[in-house]
Amino acid sequence: MTKLVGPFRKSSYSAQLGECVEVAVTVPGGRAVRDSKQQDGPLLTVSRESWHAFLRQFG
């Protein structure tokens, strides 16, 4: 089971299209990603290092 540290936050790029992802911080500093339309659905979890590598692709 993935332990979440904070609430899920909706992507600022989601706009009004209804195709949203939400991200929450996990222990120890990774991230959990889910489809906002399926809040009880599966989570994609990544380590802190993988999350930072993902973000570097955009910055």
# chains A, B, ... in the order shown; residues from 1 in each chain; ligands from 1
call {"tool": "select_by_dssp", "arguments": {"residues": "chain A", "states": "strand (DSSP E)", "output": "VMD selection string"}}
result
chain A and resid 9 to 10 21 to 25 31 to 35 44 to 46
call {"tool": "write_last_selection", "arguments": {"atoms": "N, CA and C atoms", "output": "mmCIF file, in the first residue's frame"}}
result
data_model
loop_
_atom_site.group_PDB
_atom_site.id
_atom_site.type_symbol
_atom_site.label_atom_id
_atom_site.label_comp_id
_atom_site.auth_asym_id
_atom_site.auth_seq_id
_atom_site.Cartn_x
_atom_site.Cartn_y
_atom_site.Cartn_z
ATOM 1 N N ARG A 9 -3.496 16.706 -5.949
ATOM 2 C CA ARG A 9 -3.669 18.027 -6.569
ATOM 3 C C ARG A 9 -3.860 17.836 -8.065
ATOM 4 N N LYS A 10 -4.823 18.546 -8.597
ATOM 5 C CA LYS A 10 -5.136 18.427 -10.019
ATOM 6 C C LYS A 10 -4.128 19.207 -10.851
ATOM 7 N N VAL A 21 -5.306 14.615 -14.626
ATOM 8 C CA VAL A 21 -4.529 13.763 -13.734
ATOM 9 C C VAL A 21 -4.309 14.513 -12.440
ATOM 10 N N GLU A 22 -4.162 13.753 -11.370
ATOM 11 C CA GLU A 22 -3.902 14.327 -10.065
ATOM 12 C C GLU A 22 -2.644 13.675 -9.517
ATOM 13 N N VAL A 23 -1.886 14.457 -8.741
ATOM 14 C CA VAL A 23 -0.613 13.991 -8.204
ATOM 15 C C VAL A 23 -0.595 14.237 -6.696
ATOM 16 N N ALA A 24 -0.071 13.252 -5.955
ATOM 17 C CA ALA A 24 0.086 13.389 -4.503
ATOM 18 C C ALA A 24 1.497 12.950 -4.115
ATOM 19 N N VAL A 25 2.013 13.532 -3.046
ATOM 20 C CA VAL A 25 3.327 13.160 -2.517
ATOM 21 C C VAL A 25 3.187 11.863 -1.725
ATOM 22 N N ARG A 31 5.956 10.161 -5.816
ATOM 23 C CA ARG A 31 4.658 10.684 -6.237
ATOM 24 C C ARG A 31 3.731 9.550 -6.621
ATOM 25 N N ALA A 32 2.438 9.789 -6.420
ATOM 26 C CA ALA A 32 1.379 8.907 -6.897
ATOM 27 C C ALA A 32 0.548 9.718 -7.881
ATOM 28 N N VAL A 33 0.241 9.127 -9.017
ATOM 29 C CA VAL A 33 -0.527 9.803 -10.066
ATOM 30 C C VAL A 33 -1.787 8.980 -10.318
ATOM 31 N N ARG A 34 -2.931 9.670 -10.462
ATOM 32 C CA ARG A 34 -4.185 8.977 -10.746
ATOM 33 C C ARG A 34 -5.030 9.773 -11.726
ATOM 34 N N ASP A 35 -5.990 9.108 -12.316
ATOM 35 C CA ASP A 35 -6.984 9.732 -13.188
ATOM 36 C C ASP A 35 -8.044 10.351 -12.289
ATOM 37 N N LEU A 44 -0.389 5.179 -10.303
ATOM 38 C CA LEU A 44 0.951 5.022 -10.842
ATOM 39 C C LEU A 44 1.880 5.654 -9.816
ATOM 40 N N THR A 45 2.764 4.869 -9.221
ATOM 41 C CA THR A 45 3.676 5.410 -8.218
ATOM 42 C C THR A 45 5.101 5.417 -8.760
ATOM 43 N N VAL A 46 5.818 6.486 -8.457
ATOM 44 C CA VAL A 46 7.202 6.633 -8.902
ATOM 45 C C VAL A 46 8.049 7.136 -7.746
#
call {"tool": "residues_around", "arguments": {"residues": "Gly29 of chain A", "least_positions_apart": "5", "cutoff": "12 Å", "atoms": "only C-alpha atoms", "output": "JSON, numbers by chain"}}
result
{"A": [2, 3, 4, 5, 6, 24, 45, 46, 47, 48, 49, 50, 51, 52]}
call {"tool": "write_last_selection", "arguments": {"atoms": "N, CA and C atoms", "output": "PDB file, in the first residue's frame"}}
result
ATOM      1  N   THR A   2       0.556   2.187  -0.823  1.00  0.00           N
ATOM      2  CA  THR A   2       1.304   3.437  -0.906  1.00  0.00           C
ATOM      3  C   THR A   2       0.786   4.414   0.141  1.00  0.00           C
ATOM      4  N   LYS A   3       1.691   4.954   0.934  1.00  0.00           N
ATOM      5  CA  LYS A   3       1.293   5.933   1.958  1.00  0.00           C
ATOM      6  C   LYS A   3       1.427   7.338   1.377  1.00  0.00           C
ATOM      7  N   LEU A   4       0.314   8.059   1.353  1.00  0.00           N
ATOM      8  CA  LEU A   4       0.293   9.427   0.844  1.00  0.00           C
ATOM      9  C   LEU A   4       0.590  10.397   1.972  1.00  0.00           C
ATOM     10  N   VAL A   5       1.347  11.453   1.657  1.00  0.00           N
ATOM     11  CA  VAL A   5       1.694  12.471   2.637  1.00  0.00           C
ATOM     12  C   VAL A   5       0.692  13.613   2.607  1.00  0.00           C
ATOM     13  N   GLY A   6       0.189  13.941   1.452  1.00  0.00           N
ATOM     14  CA  GLY A   6      -0.733  15.061   1.315  1.00  0.00           C
ATOM     15  C   GLY A   6      -1.865  14.717   0.364  1.00  0.00           C
ATOM     16  N   ALA A  24      -0.071  13.252  -5.955  1.00  0.00           N
ATOM     17  CA  ALA A  24       0.086  13.389  -4.503  1.00  0.00           C
ATOM     18  C   ALA A  24       1.497  12.950  -4.115  1.00  0.00           C
ATOM     19  N   THR A  45       2.764   4.869  -9.221  1.00  0.00           N
ATOM     20  CA  THR A  45       3.676   5.410  -8.218  1.00  0.00           C
ATOM     21  C   THR A  45       5.101   5.417  -8.760  1.00  0.00           C
ATOM     22  N   VAL A  46       5.818   6.486  -8.457  1.00  0.00           N
ATOM     23  CA  VAL A  46       7.202   6.633  -8.902  1.00  0.00           C
ATOM     24  C   VAL A  46       8.049   7.136  -7.746  1.00  0.00           C
ATOM     25  N   SER A  47       9.334   6.812  -7.799  1.00  0.00           N
ATOM     26  CA  SER A  47      10.263   7.261  -6.766  1.00  0.00           C
ATOM     27  C   SER A  47      10.542   8.749  -6.915  1.00  0.00           C
ATOM     28  N   ARG A  48      11.160   9.313  -5.908  1.00  0.00           N
ATOM     29  CA  ARG A  48      11.563  10.723  -5.943  1.00  0.00           C
ATOM     30  C   ARG A  48      12.483  10.983  -7.132  1.00  0.00           C
ATOM     31  N   GLU A  49      13.450  10.101  -7.332  1.00  0.00           N
ATOM     32  CA  GLU A  49      14.414  10.272  -8.424  1.00  0.00           C
ATOM     33  C   GLU A  49      13.728  10.216  -9.791  1.00  0.00           C
ATOM     34  N   SER A  50      12.807   9.275  -9.957  1.00  0.00           N
ATOM     35  CA  SER A  50      12.090   9.156 -11.231  1.00  0.00           C
ATOM     36  C   SER A  50      11.212  10.367 -11.492  1.00  0.00           C
ATOM     37  N   TRP A  51      10.577  10.875 -10.434  1.00  0.00           N
ATOM     38  CA  TRP A  51       9.725  12.061 -10.589  1.00  0.00           C
ATOM     39  C   TRP A  51      10.556  13.268 -11.029  1.00  0.00           C
ATOM     40  N   HIS A  52      11.715  13.461 -10.416  1.00  0.00           N
ATOM     41  CA  HIS A  52      12.572  14.588 -10.782  1.00  0.00           C
ATOM     42  C   HIS A  52      13.113  14.424 -12.203  1.00  0.00           C
TER      43      HIS A  52
END
call {"tool": "atom_distance", "arguments": {"atom1": "atom CA of Pro42 of chain A", "atom2": "atom CA of Ser12 of chain A"}}
result
21.1 Å
call {"tool": "residues_around", "arguments": {"residues": "Lys37 of chain A", "least_positions_apart": "3", "cutoff": "9 Å", "atoms": "only C-alpha atoms", "output": "list in words"}}
result
Gly18, Glu19, Cys20, Val21, Arg34, Asp40 and Gly41 of chain A
call {"tool": "atom_distance", "arguments": {"atom1": "atom CA of Gln57 of chain A", "atom2": "atom CA of Thr26 of chain A"}}
result
21.1 Å
call {"tool": "select_by_dssp", "arguments": {"residues": "chain A", "states": "helix (DSSP H, G or I)", "output": "PyMOL selection string"}}
result
chain A and resi 48-56
call {"tool": "write_last_selection", "arguments": {"atoms": "all heavy atoms", "output": "mmCIF file, in the first residue's frame"}}
result
data_model
loop_
_atom_site.group_PDB
_atom_site.id
_atom_site.type_symbol
_atom_site.label_atom_id
_atom_site.label_comp_id
_atom_site.auth_asym_id
_atom_site.auth_seq_id
_atom_site.Cartn_x
_atom_site.Cartn_y
_atom_site.Cartn_z
ATOM 1 N N ARG A 48 11.160 9.313 -5.908
ATOM 2 C CA ARG A 48 11.563 10.723 -5.943
ATOM 3 C C ARG A 48 12.483 10.983 -7.132
ATOM 4 O O ARG A 48 12.314 11.954 -7.868
ATOM 5 C CB ARG A 48 12.267 11.087 -4.649
ATOM 6 C CG ARG A 48 12.924 12.460 -4.684
ATOM 7 C CD ARG A 48 13.686 12.717 -3.427
ATOM 8 N NE ARG A 48 12.697 13.037 -2.399
ATOM 9 C CZ ARG A 48 12.997 13.473 -1.200
ATOM 10 N NH1 ARG A 48 14.241 13.605 -0.819
ATOM 11 N NH2 ARG A 48 12.050 13.764 -0.344
ATOM 12 N N GLU A 49 13.450 10.101 -7.332
ATOM 13 C CA GLU A 49 14.414 10.272 -8.424
ATOM 14 C C GLU A 49 13.728 10.216 -9.791
ATOM 15 O O GLU A 49 14.019 11.014 -10.687
ATOM 16 C CB GLU A 49 15.503 9.201 -8.336
ATOM 17 C CG GLU A 49 16.358 9.303 -7.097
ATOM 18 C CD GLU A 49 15.701 8.715 -5.840
ATOM 19 O OE1 GLU A 49 14.700 7.969 -5.954
ATOM 20 O OE2 GLU A 49 16.189 9.014 -4.744
ATOM 21 N N SER A 50 12.807 9.275 -9.957
ATOM 22 C CA SER A 50 12.090 9.156 -11.231
ATOM 23 C C SER A 50 11.212 10.367 -11.492
ATOM 24 O O SER A 50 11.101 10.835 -12.622
ATOM 25 C CB SER A 50 11.241 7.884 -11.247
ATOM 26 O OG SER A 50 12.057 6.752 -11.191
ATOM 27 N N TRP A 51 10.577 10.875 -10.434
ATOM 28 C CA TRP A 51 9.725 12.061 -10.589
ATOM 29 C C TRP A 51 10.556 13.268 -11.029
ATOM 30 O O TRP A 51 10.174 13.992 -11.934
ATOM 31 C CB TRP A 51 8.990 12.357 -9.288
ATOM 32 C CG TRP A 51 8.050 13.525 -9.404
ATOM 33 C CD1 TRP A 51 8.206 14.761 -8.874
ATOM 34 C CD2 TRP A 51 6.815 13.551 -10.135
ATOM 35 N NE1 TRP A 51 7.143 15.561 -9.212
ATOM 36 C CE2 TRP A 51 6.273 14.847 -9.982
ATOM 37 C CE3 TRP A 51 6.114 12.616 -10.885
ATOM 38 C CZ2 TRP A 51 5.058 15.215 -10.570
ATOM 39 C CZ3 TRP A 51 4.906 12.980 -11.459
ATOM 40 C CH2 TRP A 51 4.401 14.265 -11.297
ATOM 41 N N HIS A 52 11.715 13.461 -10.416
ATOM 42 C CA HIS A 52 12.572 14.588 -10.782
ATOM 43 C C HIS A 52 13.113 14.424 -12.203
ATOM 44 O O HIS A 52 13.208 15.409 -12.945
ATOM 45 C CB HIS A 52 13.708 14.753 -9.774
ATOM 46 C CG HIS A 52 13.238 15.308 -8.472
ATOM 47 N ND1 HIS A 52 12.886 16.632 -8.297
ATOM 48 C CD2 HIS A 52 13.049 14.725 -7.279
ATOM 49 C CE1 HIS A 52 12.479 16.828 -7.057
ATOM 50 N NE2 HIS A 52 12.573 15.678 -6.414
ATOM 51 N N ALA A 53 13.435 13.208 -12.607
ATOM 52 C CA ALA A 53 13.878 12.962 -13.976
ATOM 53 C C ALA A 53 12.759 13.278 -14.963
ATOM 54 O O ALA A 53 12.996 13.871 -16.028
ATOM 55 C CB ALA A 53 14.334 11.516 -14.137
ATOM 56 N N PHE A 54 11.528 12.930 -14.613
ATOM 57 C CA PHE A 54 10.364 13.243 -15.449
ATOM 58 C C PHE A 54 10.213 14.761 -15.592
ATOM 59 O O PHE A 54 10.050 15.273 -16.706
ATOM 60 C CB PHE A 54 9.111 12.628 -14.831
ATOM 61 C CG PHE A 54 7.839 13.047 -15.477
ATOM 62 C CD1 PHE A 54 7.483 12.583 -16.736
ATOM 63 C CD2 PHE A 54 6.970 13.919 -14.828
ATOM 64 C CE1 PHE A 54 6.282 12.972 -17.328
ATOM 65 C CE2 PHE A 54 5.775 14.316 -15.416
ATOM 66 C CZ PHE A 54 5.435 13.841 -16.670
ATOM 67 N N LEU A 55 10.293 15.488 -14.491
ATOM 68 C CA LEU A 55 10.131 16.939 -14.538
ATOM 69 C C LEU A 55 11.242 17.638 -15.332
ATOM 70 O O LEU A 55 10.982 18.654 -15.981
ATOM 71 C CB LEU A 55 10.073 17.516 -13.117
ATOM 72 C CG LEU A 55 8.854 17.118 -12.291
ATOM 73 C CD1 LEU A 55 8.961 17.722 -10.898
ATOM 74 C CD2 LEU A 55 7.561 17.526 -12.976
ATOM 75 N N ARG A 56 12.435 17.094 -15.290
ATOM 76 C CA ARG A 56 13.555 17.692 -16.049
ATOM 77 C C ARG A 56 13.280 17.669 -17.552
ATOM 78 O O ARG A 56 13.828 18.487 -18.286
ATOM 79 C CB ARG A 56 14.860 16.976 -15.734
ATOM 80 C CG ARG A 56 15.486 17.414 -14.432
ATOM 81 C CD ARG A 56 16.916 16.949 -14.299
ATOM 82 N NE ARG A 56 17.043 15.503 -14.257
ATOM 83 C CZ ARG A 56 16.963 14.749 -13.161
ATOM 84 N NH1 ARG A 56 16.786 15.320 -11.983
ATOM 85 N NH2 ARG A 56 17.107 13.454 -13.223
#
